file data_17.tsv (TSV, C-alpha atoms)
chain	number	residue	atom	x	y	z
A	28	MET	CA	-6.02	-22.67	4.18
A	29	HIS	CA	-9.15	-24.06	2.55
A	30	THR	CA	-10.88	-21.66	0.15
A	31	VAL	CA	-14.13	-22.05	-1.79
A	32	ILE	CA	-14.26	-20.07	-5.03
A	33	ALA	CA	-17.53	-19.24	-6.81
A	34	GLY	CA	-17.10	-19.11	-10.57
A	35	GLY	CA	-14.43	-21.75	-10.20
A	36	ALA	CA	-13.72	-22.25	-13.90
A	37	GLY	CA	-13.32	-18.55	-14.59
A	38	GLN	CA	-10.06	-16.92	-15.60
A	39	ILE	CA	-9.38	-15.18	-12.30
A	40	ALA	CA	-10.61	-18.12	-10.22
A	41	THR	CA	-8.34	-20.63	-11.91
A	42	ARG	CA	-5.36	-18.35	-11.52
A	43	LEU	CA	-6.12	-17.97	-7.82
A	44	ALA	CA	-6.62	-21.73	-7.41
A	45	ARG	CA	-3.24	-22.34	-9.02
A	46	LEU	CA	-1.55	-19.94	-6.61
A	47	LEU	CA	-3.25	-21.61	-3.67
A	48	ALA	CA	-2.25	-25.07	-4.87
A	49	ASP	CA	1.34	-23.97	-5.46
A	50	ARG	CA	1.73	-23.13	-1.78
A	51	GLY	CA	-0.03	-26.25	-0.53
A	52	ASP	CA	-3.49	-24.83	0.21
A	53	THR	CA	-6.70	-26.53	-0.88
A	54	ALA	CA	-9.51	-25.00	-2.89
A	55	HIS	CA	-12.90	-26.00	-4.20
A	56	GLY	CA	-14.23	-24.33	-7.33
A	57	LEU	CA	-18.00	-24.06	-7.74
A	58	ILE	CA	-19.18	-24.64	-11.32
A	59	ARG	CA	-22.58	-24.72	-12.99
A	60	ASP	CA	-24.06	-27.78	-14.71
A	61	THR	CA	-23.54	-26.27	-18.15
A	62	GLY	CA	-20.36	-27.73	-19.68
A	63	THR	CA	-19.65	-29.55	-16.44
A	64	LEU	CA	-17.04	-31.99	-17.75
A	65	GLU	CA	-15.01	-29.33	-19.51
A	66	LYS	CA	-15.28	-26.91	-16.60
A	67	ALA	CA	-14.43	-29.62	-14.09
A	68	ALA	CA	-11.28	-30.42	-16.06
A	69	THR	CA	-10.36	-26.72	-16.05
A	70	VAL	CA	-10.75	-26.50	-12.29
A	71	ARG	CA	-8.74	-29.66	-11.69
A	72	ALA	CA	-5.98	-28.46	-14.00
A	73	ALA	CA	-5.69	-25.40	-11.77
A	74	GLY	CA	-5.19	-27.61	-8.72
A	75	ALA	CA	-8.66	-27.24	-7.20
A	76	GLU	CA	-11.52	-29.68	-6.69
A	77	PRO	CA	-14.63	-28.92	-8.78
A	78	VAL	CA	-18.05	-28.87	-7.11
A	79	VAL	CA	-21.24	-28.59	-9.16
A	80	CYS	CA	-23.50	-25.87	-7.76
A	81	ASP	CA	-25.72	-23.55	-9.78
A	82	LEU	CA	-25.87	-20.34	-7.77
A	83	GLU	CA	-28.83	-19.16	-9.86
A	84	THR	CA	-31.05	-21.96	-8.54
A	85	ALA	CA	-29.47	-23.16	-5.28
A	86	GLY	CA	-30.71	-22.13	-1.86
A	87	ALA	CA	-28.58	-20.53	0.82
A	88	ASP	CA	-28.57	-23.63	3.03
A	89	GLU	CA	-27.43	-25.81	0.12
A	90	VAL	CA	-24.53	-23.49	-0.64
A	91	ALA	CA	-23.71	-23.16	3.05
A	92	GLU	CA	-23.17	-26.91	3.24
A	93	LEU	CA	-20.56	-26.62	0.49
A	94	LEU	CA	-18.84	-23.81	2.36
A	95	ARG	CA	-18.89	-25.43	5.80
A	96	GLY	CA	-15.40	-25.95	7.17
A	97	ALA	CA	-13.73	-23.53	4.77
A	98	ASP	CA	-11.43	-20.77	5.97
A	99	ALA	CA	-12.41	-18.30	3.27
A	100	ALA	CA	-14.79	-17.77	0.37
A	101	VAL	CA	-14.14	-15.88	-2.86
A	102	PHE	CA	-16.89	-14.70	-5.21
A	103	ALA	CA	-15.35	-14.55	-8.67
A	104	ALA	CA	-18.44	-15.57	-10.66
A	105	GLY	CA	-20.04	-13.52	-13.40
A	106	ALA	CA	-22.69	-13.85	-16.06
A	107	GLY	CA	-20.08	-13.13	-18.72
A	108	PRO	CA	-20.00	-10.80	-21.72
A	109	GLY	CA	-22.30	-12.96	-23.85
A	110	SER	CA	-25.19	-12.91	-21.38
A	111	GLY	CA	-28.21	-10.64	-21.41
A	112	THR	CA	-29.69	-8.25	-18.90
A	113	ALA	CA	-31.60	-10.92	-16.96
A	114	ARG	CA	-28.48	-12.89	-16.03
A	115	LYS	CA	-26.71	-9.79	-14.79
A	116	GLU	CA	-29.42	-9.74	-12.14
A	117	THR	CA	-29.41	-13.47	-11.37
A	118	VAL	CA	-25.63	-13.94	-11.33
A	119	ASP	CA	-23.85	-10.64	-10.77
A	120	ARG	CA	-26.30	-9.51	-8.09
A	121	ALA	CA	-28.40	-12.35	-6.71
A	122	ALA	CA	-25.72	-15.05	-6.76
A	123	ALA	CA	-23.24	-12.75	-5.03
A	124	GLU	CA	-25.76	-11.98	-2.30
A	125	LEU	CA	-26.65	-15.66	-1.97
A	126	PHE	CA	-22.98	-16.63	-1.66
A	127	ALA	CA	-22.47	-14.04	1.08
A	128	GLU	CA	-25.51	-15.29	2.98
A	129	ALA	CA	-24.33	-18.88	2.62
A	130	ALA	CA	-20.87	-17.97	3.91
A	131	ALA	CA	-22.42	-16.36	6.97
A	132	ARG	CA	-24.62	-19.39	7.63
A	133	ALA	CA	-21.60	-21.68	7.31
A	134	GLY	CA	-19.55	-19.58	9.70
A	135	VAL	CA	-17.02	-18.61	7.01
A	136	ARG	CA	-16.39	-15.01	7.96
A	137	ARG	CA	-13.66	-14.17	5.42
A	138	LEU	CA	-15.21	-13.22	2.08
A	139	LEU	CA	-13.57	-11.64	-0.94
A	140	VAL	CA	-15.72	-10.31	-3.77
A	141	VAL	CA	-14.38	-9.50	-7.22
A	142	SER	CA	-16.38	-6.50	-8.37
A	143	ALA	CA	-15.85	-3.71	-10.90
A	144	MET	CA	-15.08	-0.02	-10.98
A	145	ARG	CA	-17.69	2.73	-10.93
A	146	VAL	CA	-20.53	0.55	-9.75
A	147	ASP	CA	-21.55	2.92	-6.95
A	148	GLU	CA	-22.75	5.52	-9.44
A	149	GLU	CA	-25.47	5.49	-12.07
A	150	PRO	CA	-24.15	4.52	-15.54
A	151	PRO	CA	-23.75	7.60	-17.74
A	152	PRO	CA	-26.27	8.32	-20.50
A	153	GLY	CA	-25.62	6.29	-23.64
A	154	THR	CA	-24.16	3.30	-21.80
A	155	ASP	CA	-25.00	0.01	-23.50
A	156	PRO	CA	-28.13	-1.30	-21.72
A	157	VAL	CA	-26.63	-4.70	-20.93
A	158	PHE	CA	-23.45	-3.17	-19.55
A	159	ALA	CA	-25.51	-0.69	-17.55
A	160	ALA	CA	-27.45	-3.62	-16.08
A	161	TYR	CA	-24.15	-5.26	-15.17
A	162	LEU	CA	-22.88	-2.15	-13.39
A	163	ARG	CA	-26.14	-1.74	-11.46
A	164	ALA	CA	-26.14	-5.43	-10.49
A	165	LYS	CA	-22.57	-5.30	-9.23
A	166	GLY	CA	-23.29	-2.11	-7.33
A	167	ALA	CA	-26.34	-3.62	-5.65
A	168	ALA	CA	-24.39	-6.73	-4.70
A	169	ASP	CA	-21.55	-4.68	-3.23
A	170	THR	CA	-24.01	-2.62	-1.21
A	171	ALA	CA	-25.63	-5.76	0.18
A	172	VAL	CA	-22.29	-7.30	1.13
A	173	ARG	CA	-21.04	-4.10	2.76
A	174	ALA	CA	-24.18	-3.95	4.90
A	175	ARG	CA	-23.30	-7.27	6.58
A	176	ASP	CA	-21.65	-7.27	9.98
A	177	ASP	CA	-21.45	-11.07	10.14
A	178	LEU	CA	-18.70	-11.27	7.49
A	179	ASP	CA	-15.14	-9.99	7.24
A	180	TRP	CA	-15.56	-8.92	3.63
A	181	THR	CA	-13.21	-7.21	1.23
A	182	ILE	CA	-14.44	-5.99	-2.15
A	183	LEU	CA	-11.85	-5.76	-4.91
A	184	ARG	CA	-12.59	-3.62	-7.95
A	185	PRO	CA	-10.05	-4.20	-10.71
A	186	GLY	CA	-9.67	-2.00	-13.77
A	187	ARG	CA	-9.97	-3.27	-17.32
A	188	LEU	CA	-8.80	-6.88	-17.29
A	189	THR	CA	-6.07	-8.14	-19.61
A	190	ASN	CA	-4.36	-11.47	-20.19
A	191	THR	CA	-0.88	-10.01	-20.29
A	192	PRO	CA	1.60	-11.63	-17.91
A	193	GLY	CA	1.47	-10.25	-14.40
A	194	THR	CA	4.21	-7.95	-13.19
A	195	GLY	CA	3.63	-8.35	-9.47
A	196	ARG	CA	3.43	-4.56	-9.19
A	197	VAL	CA	0.13	-2.75	-8.71
A	198	HIS	CA	-1.68	0.34	-7.54
A	199	LEU	CA	-4.12	-0.76	-4.81
A	200	ALA	CA	-6.11	1.88	-2.96
A	201	ASP	CA	-9.57	3.14	-2.11
A	202	HIS	CA	-9.51	5.04	-5.40
A	203	THR	CA	-6.97	4.53	-8.16
A	204	GLY	CA	-8.43	6.00	-11.33
A	205	ARG	CA	-9.21	3.85	-14.34
A	206	ALA	CA	-6.50	1.77	-16.00
A	207	GLU	CA	-5.71	-1.81	-16.95
A	208	ILE	CA	-4.70	-4.72	-14.74
A	209	SER	CA	-3.54	-8.22	-15.61
A	210	ARG	CA	-5.71	-11.11	-14.43
A	211	ASP	CA	-2.49	-12.66	-13.12
A	212	ASP	CA	-2.02	-9.69	-10.81
A	213	VAL	CA	-5.69	-9.68	-9.74
A	214	ALA	CA	-5.32	-13.29	-8.60
A	215	ALA	CA	-2.07	-12.50	-6.80
A	216	VAL	CA	-3.71	-9.59	-4.98
A	217	LEU	CA	-6.63	-11.82	-3.96
A	218	LEU	CA	-4.14	-14.28	-2.49
A	219	ALA	CA	-2.41	-11.52	-0.56
A	220	LEU	CA	-5.75	-10.18	0.71
A	221	LEU	CA	-6.69	-13.65	1.96
A	222	ASP	CA	-3.53	-13.59	4.05
A	223	GLU	CA	-4.20	-10.14	5.53
A	224	PRO	CA	-7.34	-10.05	7.70
A	225	ALA	CA	-6.70	-6.38	8.49
A	226	THR	CA	-7.96	-5.55	4.99
A	227	ALA	CA	-11.48	-6.62	5.98
A	228	ARG	CA	-14.29	-4.09	5.46
A	229	ARG	CA	-12.41	-2.30	2.70
A	230	THR	CA	-13.56	-1.59	-0.84
A	231	LEU	CA	-10.44	-1.38	-2.96
A	232	GLU	CA	-9.65	-0.45	-6.53
A	233	LEU	CA	-6.81	-2.17	-8.37
A	234	VAL	CA	-4.84	-1.23	-11.48
A	235	ALA	CA	-1.33	-1.80	-12.74
A	236	GLY	CA	1.28	0.17	-10.86
A	237	ASP	CA	4.78	0.29	-9.41
A	238	THR	CA	4.30	-1.14	-5.92
A	239	PRO	CA	5.08	-4.81	-5.25
A	240	ILE	CA	1.89	-6.63	-4.24
A	241	PRO	CA	2.98	-7.58	-0.68
A	242	GLU	CA	3.96	-3.97	-0.02
A	243	ALA	CA	0.71	-2.64	-1.55
A	244	VAL	CA	-1.39	-4.85	0.70
A	245	ARG	CA	0.74	-4.16	3.76
A	246	ALA	CA	0.34	-0.40	3.22
A	247	LEU	CA	-3.43	-0.76	3.63
A	248	THR	CA	-3.02	-1.86	7.23
A	249	HIS	CA	-1.03	1.15	8.46
call {"tool": "encode", "arguments": {"input": "data_17.tsv", "output": "structure tokens"}}
result
Amino acid sequence: MHTVIAGGAGQIATRLARLLADRGDTAHGLIRDTGTLEKAATVRAAGAEPVVCDLETAGADEVAELLRGADAAVFAAGAGPGSGTARKETVDRAAAELFAEAAARAGVRRLLVVSAMRVDEEPPPGTDPVFAAYLRAKGAADTAVRARDDLDWTILRPGRLTNTPGTGRVHLADHTGRAEISRDDVAAVLLALLDEPATARRTLELVAGDTPIPEAVRALTH
């Protein structure tokens, strides 16, 4: 399998790339110009090939050329916690929508999107304005992706992310309730979802749990 990962130098993306490489698959990780050498080294260390592409400025046809020939696309990019409101809109919403459009133009039907919990509802009063902008941006992007019938999309909404070692056991369902989840386990679930086309057109929440990942994904198809 050949997979293109947006946000290629990110923590979840590099974990996924490593899992893909370990089983002999190939991956390309899209990175921005900023810090290119360092980010490129990070992507290569994970076993993927870095490709410079700024999703905030690129056009859909340009991104589609980078996706052409791939078997799957994964959107794991994000503006990051240090960014302001404007970049929530340009990265967390617009770049996700652009990536989906590019995948469709390239004929890459399988698309996974790493999203967040509670983005389908308005942020509660008192929410930090930047975080509220993030939630709204992710919600808008998810809505746009789910409206597409030219992609076999799956949206994954993990709980609060941690860097603790993965356990390989999760709770994966339409609704799970809020809890933590290791980035290791998020990447492992993404890998399992790539292998299971029957999970297309599902919006799934993910937190730590007791069910082995293969069994959790398999249960979604019955």
call {"tool": "residues_around", "arguments": {"input": "data_17.tsv", "residues": "Thr84 of chain A", "least_positions_apart": "6", "cutoff": "10 Å", "atoms": "only C-alpha atoms", "output": "count of residues only"}}
result
3
call {"tool": "closest_residue", "arguments": {"input": "data_17.tsv", "among": "A:Ala164, A:Val78, A:Ile39, A:Ala73", "to": "Asp211 of chain A", "atoms": "all atoms listed in the file"}}
result
A:Ile39
call {"tool": "residues_around", "arguments": {"input": "data_17.tsv", "residues": "segment 86-101 of chain A", "least_positions_apart": "4", "cutoff": "8 Å", "atoms": "only C-alpha atoms", "output": "list in words"}}
result
Met28, His29, Thr30, Val31, Ile32, Ala33, Cys80, Leu82, Leu125, Phe126, Glu128, Ala129, Ala130, Ala131, Arg132, Ala133, Gly134, Val135, Arg136, Arg137, Leu138, Leu139, Val140, Val141 and Leu221 of chain A
call {"tool": "atom_distance", "arguments": {"input": "data_17.tsv", "atom1": "atom CA of Trp180 of chain A", "atom2": "atom CA of Pro151 of chain A"}}
result
28.2 Å
call {"tool": "atom_distance", "arguments": {"input": "data_17.tsv", "atom1": "atom CA of Ala123 of chain A", "atom2": "atom CA of Gly105 of chain A"}}
result
9.0 Å
call {"tool": "residues_around", "arguments": {"input": "data_17.tsv", "residues": "Leu46 of chain A", "least_positions_apart": "4", "cutoff": "8 Å", "atoms": "all atoms listed in the file", "output": "VMD selection string"}}
result
chain A and resid 42 50 214 to 215 218
call {"tool": "closest_residue", "arguments": {"input": "data_17.tsv", "among": "A:Gly236, A:His202, A:Leu178, A:Thr248", "to": "Glu223 of chain A", "atoms": "all atoms listed in the file"}}
result
A:Thr248
call {"tool": "atom_distance", "arguments": {"input": "data_17.tsv", "atom1": "atom CA of Ala206 of chain A", "atom2": "atom CA of Asp237 of chain A"}}
result
13.1 Å
call {"tool": "closest_residue", "arguments": {"input": "data_17.tsv", "among": "A:Arg145, A:Gly37, A:Thr53, A:Gly195", "to": "Ala106 of chain A", "atoms": "only C-alpha atoms"}}
result
A:Gly37
call {"tool": "closest_residue", "arguments": {"input": "data_17.tsv", "among": "A:Arg120, A:His198, A:Arg187, A:Lys115", "to": "Gly166 of chain A", "atoms": "only C-alpha atoms"}}
result
A:Arg120
call {"tool": "residues_around", "arguments": {"input": "data_17.tsv", "residues": "Leu188 of chain A", "least_positions_apart": "2", "cutoff": "12 Å", "atoms": "all atoms listed in the file", "output": "list of chain:residue names"}}
result
A:Gln38, A:Ile39, A:Val141, A:Ser142, A:Ala143, A:Met144, A:Arg184, A:Pro185, A:Gly186, A:Asn190, A:Thr191, A:Pro192, A:Gly193, A:Arg205, A:Ala206, A:Glu207, A:Ile208, A:Ser209, A:Arg210, A:Asp211, A:Asp212, A:Val213, A:Ala214, A:Leu233, A:Val234, A:Ala235
call {"tool": "residues_around", "arguments": {"input": "data_17.tsv", "residues": "Gly111 of chain A", "least_positions_apart": "4", "cutoff": "12 Å", "atoms": "all atoms listed in the file", "output": "JSON, numbers by chain"}}
result
{"A": [105, 106, 107, 115, 116, 117, 118, 119, 155, 156, 157, 158, 159, 160, 161]}
call {"tool": "residues_near_point", "arguments": {"input": "data_17.tsv", "point": "(-22.6, -7.0, 9.8)", "cutoff": "12 Å", "atoms": "all atoms listed in the file", "output": "MDAnalysis selection string"}}
result
chainID A and resid 127:128 131 136 170:180 227:228
call {"tool": "closest_residue", "arguments": {"input": "data_17.tsv", "among": "A:Ala121, A:Leu217, A:Leu64, A:Gly153", "to": "Thr41 of chain A", "atoms": "all atoms listed in the file"}}
result
A:Leu217
call {"tool": "closest_residue", "arguments": {"input": "data_17.tsv", "among": "A:Leu199, A:Ala219, A:Ala48, A:Ala168", "to": "Ala72 of chain A", "atoms": "only C-alpha atoms"}}
result
A:Ala48
